[in-house]
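Everything below concerns the one structure shown next.
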Amino acid sequence: MLERFYPGEYVDSTYEIDFDRLYEDGYRGVIFDIDNTLVPHGAPADERACALFAHLKELGYHCMLLSNNKEPRVKMFNDAVQVSYIYKAGKPNPANYRKAMEQMGTDEKNTLFVGDQIFTDVYGANRTGIRTILVKPIHPKEEIQIVLKRYLEKIVLFFYQRKCQKQQRAAQKQ
């Protein structure tokens, strides 16, 4: 039952993802959450975020910001990175994940989603059939409704990590 919330991968930071290798593997689109995925909640795009998007564009990726925030927040971040965006996205509803892929000219097989929340970001991308990469939140300061969800996320992550450990042990036996 919890599997629908499991990410494809779980890493410490967006900035440690090997996007070069993923491009070689055939991925052409990346959909990003913003807050606590790319920058602390409410922060503008910083040098690191700008450098990441410049590198992704240089590689040939199409990028999209998909946020449940209102347009002023998303636009403020996007003014620095200059990609497409969808605000008030209604995650985890798959509709705007699909709209993002349509705008990027990608599909479920060559699109990645990177986000920090299981019950919105990962669940929505999983429902859409997109490969998911869950990242640890950048900063502990969050809105109260997110703080409450983090407690439930710990349960999902416990079982997810246990599943991964079992798979690793099984692979080592072969």
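The way I read the labels, and the way they are meant: chains A, B, ... in the order of the structure tokens, residue 1 as the first residue of every chain, and ligand 1 as the first ligand shown, with later ones counted on from there.
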
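Looking only at chain A, the set that DSSP places in strand (DSSP E or B) from backbone geometry is A:Glu9, A:Tyr10, A:Val11, A:Gly29, A:Val30, A:Ile31, A:Phe32, A:Asp35, A:Val39, A:His62, A:Cys63, A:Met64, A:Leu65, A:Leu66, A:Ser84, A:Tyr85, A:Ile86, A:Thr111, A:Leu112, A:Phe113, A:Val114, A:Gly115, A:Arg131, A:Thr132, A:Ile133, A:Leu134, A:Val135.
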
What does the file look like for those residues with N, CA, C and O atoms, as an mmCIF file, in the first residue's frame?
data_model
loop_
_atom_site.group_PDB
_atom_site.id
_atom_site.type_symbol
_atom_site.label_atom_id
_atom_site.label_comp_id
_atom_site.auth_asym_id
_atom_site.auth_seq_id
_atom_site.Cartn_x
_atom_site.Cartn_y
_atom_site.Cartn_z
ATOM 1 N N GLU A 9 14.218 7.193 -6.351
ATOM 2 C CA GLU A 9 15.505 7.370 -5.663
ATOM 3 C C GLU A 9 15.314 8.362 -4.537
ATOM 4 O O GLU A 9 14.427 9.212 -4.594
ATOM 5 N N TYR A 10 16.180 8.275 -3.543
ATOM 6 C CA TYR A 10 16.158 9.213 -2.423
ATOM 7 C C TYR A 10 17.588 9.675 -2.196
ATOM 8 O O TYR A 10 18.471 8.862 -1.925
ATOM 9 N N VAL A 11 17.840 10.972 -2.374
ATOM 10 C CA VAL A 11 19.203 11.515 -2.266
ATOM 11 C C VAL A 11 19.216 12.716 -1.318
ATOM 12 O O VAL A 11 18.172 13.284 -0.999
ATOM 13 N N GLY A 29 13.579 15.774 -19.999
ATOM 14 C CA GLY A 29 12.815 16.780 -19.277
ATOM 15 C C GLY A 29 12.954 16.589 -17.785
ATOM 16 O O GLY A 29 12.995 15.456 -17.301
ATOM 17 N N VAL A 30 13.033 17.713 -17.055
ATOM 18 C CA VAL A 30 13.075 17.661 -15.595
ATOM 19 C C VAL A 30 12.046 18.639 -15.056
ATOM 20 O O VAL A 30 12.054 19.823 -15.397
ATOM 21 N N ILE A 31 11.165 18.106 -14.226
ATOM 22 C CA ILE A 31 10.179 18.926 -13.530
ATOM 23 C C ILE A 31 10.661 19.068 -12.092
ATOM 24 O O ILE A 31 10.982 18.074 -11.442
ATOM 25 N N PHE A 32 10.707 20.295 -11.614
ATOM 26 C CA PHE A 32 11.194 20.571 -10.262
ATOM 27 C C PHE A 32 10.116 21.216 -9.404
ATOM 28 O O PHE A 32 9.400 22.113 -9.859
ATOM 29 N N ASP A 35 10.420 25.103 -3.437
ATOM 30 C CA ASP A 35 10.736 25.314 -2.024
ATOM 31 C C ASP A 35 11.241 24.047 -1.345
ATOM 32 O O ASP A 35 10.602 23.001 -1.379
ATOM 33 N N VAL A 39 15.817 25.706 -3.227
ATOM 34 C CA VAL A 39 16.209 26.774 -2.292
ATOM 35 C C VAL A 39 15.362 26.634 -1.027
ATOM 36 O O VAL A 39 14.327 25.971 -1.043
ATOM 37 N N HIS A 62 14.878 20.118 -21.186
ATOM 38 C CA HIS A 62 13.759 21.030 -21.033
ATOM 39 C C HIS A 62 13.427 21.002 -19.550
ATOM 40 O O HIS A 62 13.376 19.926 -18.949
ATOM 41 N N CYS A 63 13.220 22.157 -18.946
ATOM 42 C CA CYS A 63 12.957 22.224 -17.507
ATOM 43 C C CYS A 63 11.643 22.931 -17.236
ATOM 44 O O CYS A 63 11.251 23.845 -17.973
ATOM 45 N N MET A 64 10.996 22.526 -16.168
ATOM 46 C CA MET A 64 9.714 23.091 -15.770
ATOM 47 C C MET A 64 9.678 23.166 -14.248
ATOM 48 O O MET A 64 10.113 22.233 -13.569
ATOM 49 N N LEU A 65 9.159 24.270 -13.734
ATOM 50 C CA LEU A 65 8.882 24.404 -12.310
ATOM 51 C C LEU A 65 7.409 24.083 -12.109
ATOM 52 O O LEU A 65 6.558 24.614 -12.829
ATOM 53 N N LEU A 66 7.117 23.208 -11.165
ATOM 54 C CA LEU A 66 5.739 22.817 -10.877
ATOM 55 C C LEU A 66 5.521 23.047 -9.387
ATOM 56 O O LEU A 66 6.086 22.335 -8.558
ATOM 57 N N SER A 84 10.162 27.354 -17.964
ATOM 58 C CA SER A 84 8.704 27.411 -17.916
ATOM 59 C C SER A 84 8.234 27.045 -16.516
ATOM 60 O O SER A 84 8.951 26.388 -15.764
ATOM 61 N N TYR A 85 7.012 27.463 -16.185
ATOM 62 C CA TYR A 85 6.494 27.115 -14.866
ATOM 63 C C TYR A 85 4.982 27.004 -14.879
ATOM 64 O O TYR A 85 4.297 27.576 -15.723
ATOM 65 N N ILE A 86 4.504 26.242 -13.903
ATOM 66 C CA ILE A 86 3.079 26.122 -13.635
ATOM 67 C C ILE A 86 2.915 26.380 -12.146
ATOM 68 O O ILE A 86 3.544 25.709 -11.326
ATOM 69 N N THR A 111 11.093 11.788 -18.720
ATOM 70 C CA THR A 111 10.925 12.919 -17.807
ATOM 71 C C THR A 111 11.217 12.487 -16.378
ATOM 72 O O THR A 111 10.822 11.387 -15.962
ATOM 73 N N LEU A 112 11.876 13.347 -15.639
ATOM 74 C CA LEU A 112 12.174 13.141 -14.212
ATOM 75 C C LEU A 112 11.410 14.163 -13.402
ATOM 76 O O LEU A 112 11.177 15.276 -13.867
ATOM 77 N N PHE A 113 11.085 13.801 -12.172
ATOM 78 C CA PHE A 113 10.547 14.783 -11.235
ATOM 79 C C PHE A 113 11.443 14.806 -10.012
ATOM 80 O O PHE A 113 11.781 13.762 -9.459
ATOM 81 N N VAL A 114 11.811 16.013 -9.568
ATOM 82 C CA VAL A 114 12.648 16.192 -8.393
ATOM 83 C C VAL A 114 11.881 17.051 -7.392
ATOM 84 O O VAL A 114 11.486 18.178 -7.711
ATOM 85 N N GLY A 115 11.680 16.519 -6.187
ATOM 86 C CA GLY A 115 10.967 17.253 -5.155
ATOM 87 C C GLY A 115 11.312 16.762 -3.767
ATOM 88 O O GLY A 115 11.978 15.732 -3.608
ATOM 89 N N ARG A 131 9.499 9.043 -13.446
ATOM 90 C CA ARG A 131 10.561 8.660 -12.506
ATOM 91 C C ARG A 131 10.728 9.781 -11.482
ATOM 92 O O ARG A 131 10.796 10.954 -11.838
ATOM 93 N N THR A 132 10.804 9.400 -10.212
ATOM 94 C CA THR A 132 10.884 10.383 -9.143
ATOM 95 C C THR A 132 12.214 10.323 -8.402
ATOM 96 O O THR A 132 12.761 9.243 -8.180
ATOM 97 N N ILE A 133 12.695 11.508 -8.033
ATOM 98 C CA ILE A 133 13.859 11.617 -7.171
ATOM 99 C C ILE A 133 13.449 12.493 -5.998
ATOM 100 O O ILE A 133 13.144 13.678 -6.173
ATOM 101 N N LEU A 134 13.403 11.896 -4.826
ATOM 102 C CA LEU A 134 13.085 12.619 -3.607
ATOM 103 C C LEU A 134 14.383 13.145 -3.022
ATOM 104 O O LEU A 134 15.372 12.414 -2.937
ATOM 105 N N VAL A 135 14.386 14.418 -2.638
ATOM 106 C CA VAL A 135 15.563 15.006 -1.997
ATOM 107 C C VAL A 135 15.211 15.397 -0.568
ATOM 108 O O VAL A 135 14.049 15.690 -0.260
#

Alpha helix (DSSP H) residues, from DSSP on the backbone, in range 10-169 of chain A, as a PyMOL selection string: chain A and resi 19-24+47-59+71-81+95-104+123-128+144-169

Within 9 Å of Lys91 in chain A, counting only C-alpha atoms, which residues qualify if same-chain residues fewer than 6 places away don't, as an mmCIF file with N, CA and C atoms, in the first residue's frame?
data_model
loop_
_atom_site.group_PDB
_atom_site.id
_atom_site.type_symbol
_atom_site.label_atom_id
_atom_site.label_comp_id
_atom_site.auth_asym_id
_atom_site.auth_seq_id
_atom_site.Cartn_x
_atom_site.Cartn_y
_atom_site.Cartn_z
ATOM 1 N N LEU A 66 7.117 23.208 -11.165
ATOM 2 C CA LEU A 66 5.739 22.817 -10.877
ATOM 3 C C LEU A 66 5.521 23.047 -9.387
ATOM 4 N N SER A 67 4.743 24.064 -9.067
ATOM 5 C CA SER A 67 4.602 24.478 -7.672
ATOM 6 C C SER A 67 3.146 24.679 -7.291
ATOM 7 N N ASN A 68 2.833 24.362 -6.050
ATOM 8 C CA ASN A 68 1.503 24.641 -5.525
ATOM 9 C C ASN A 68 1.389 26.081 -5.033
ATOM 10 N N TYR A 97 1.238 17.694 -14.057
ATOM 11 C CA TYR A 97 2.448 16.958 -14.423
ATOM 12 C C TYR A 97 2.380 16.652 -15.922
ATOM 13 N N PHE A 119 4.028 13.256 -0.167
ATOM 14 C CA PHE A 119 2.580 13.199 -0.392
ATOM 15 C C PHE A 119 2.080 14.166 -1.459
ATOM 16 N N THR A 120 2.918 15.072 -1.906
ATOM 17 C CA THR A 120 2.531 15.942 -3.022
ATOM 18 C C THR A 120 3.405 15.624 -4.225
ATOM 19 N N ASP A 121 4.693 15.888 -4.120
ATOM 20 C CA ASP A 121 5.624 15.757 -5.243
ATOM 21 C C ASP A 121 5.736 14.325 -5.764
ATOM 22 N N TYR A 123 4.146 11.448 -4.856
ATOM 23 C CA TYR A 123 2.887 10.747 -5.124
ATOM 24 C C TYR A 123 2.281 11.197 -6.460
ATOM 25 N N GLY A 124 2.279 12.495 -6.715
ATOM 26 C CA GLY A 124 1.737 12.993 -7.976
ATOM 27 C C GLY A 124 2.513 12.506 -9.186
ATOM 28 N N ALA A 125 3.840 12.543 -9.088
ATOM 29 C CA ALA A 125 4.675 12.071 -10.202
ATOM 30 C C ALA A 125 4.498 10.568 -10.399
#

Given only C-alpha atoms as the counted atoms, nearest of A:Tyr15, A:Tyr6, A:Tyr87, A:Phe77 to Ala51 in chain A: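 Between A:Tyr15, A:Tyr6, A:Tyr87, A:Phe77, the residue approaching Ala51 in chain A most closely is A:Tyr15.
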
Given only C-alpha atoms as the counted atoms, nearest of A:Asp12, A:Glu3, A:Asp18, A:Asp79 to Arg162 in chain A: A:Glu3

Nearest-residue call for Arg127 in chain A, choices A:Ala95, A:Gly105, A:Ala100, A:Pro44, using only C-alpha atoms: A:Ala95

Separation of CA of Tyr23 in chain A from CA of Gln165 in chain A, in Å and rounded to one decimal: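 Here the two named atoms are 27.1 Å from each other.
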
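With CA of Asp25 in chain A on one side and CA of Lys109 in chain A on the other, the separation reads 10.7 Å.
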
Gap from CA of Ile130 in chain A to CA of Glu108 in chain A - Å, one decimal: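 Separation between CA of Ile130 in chain A and CA of Glu108 in chain A: 4.9 Å.
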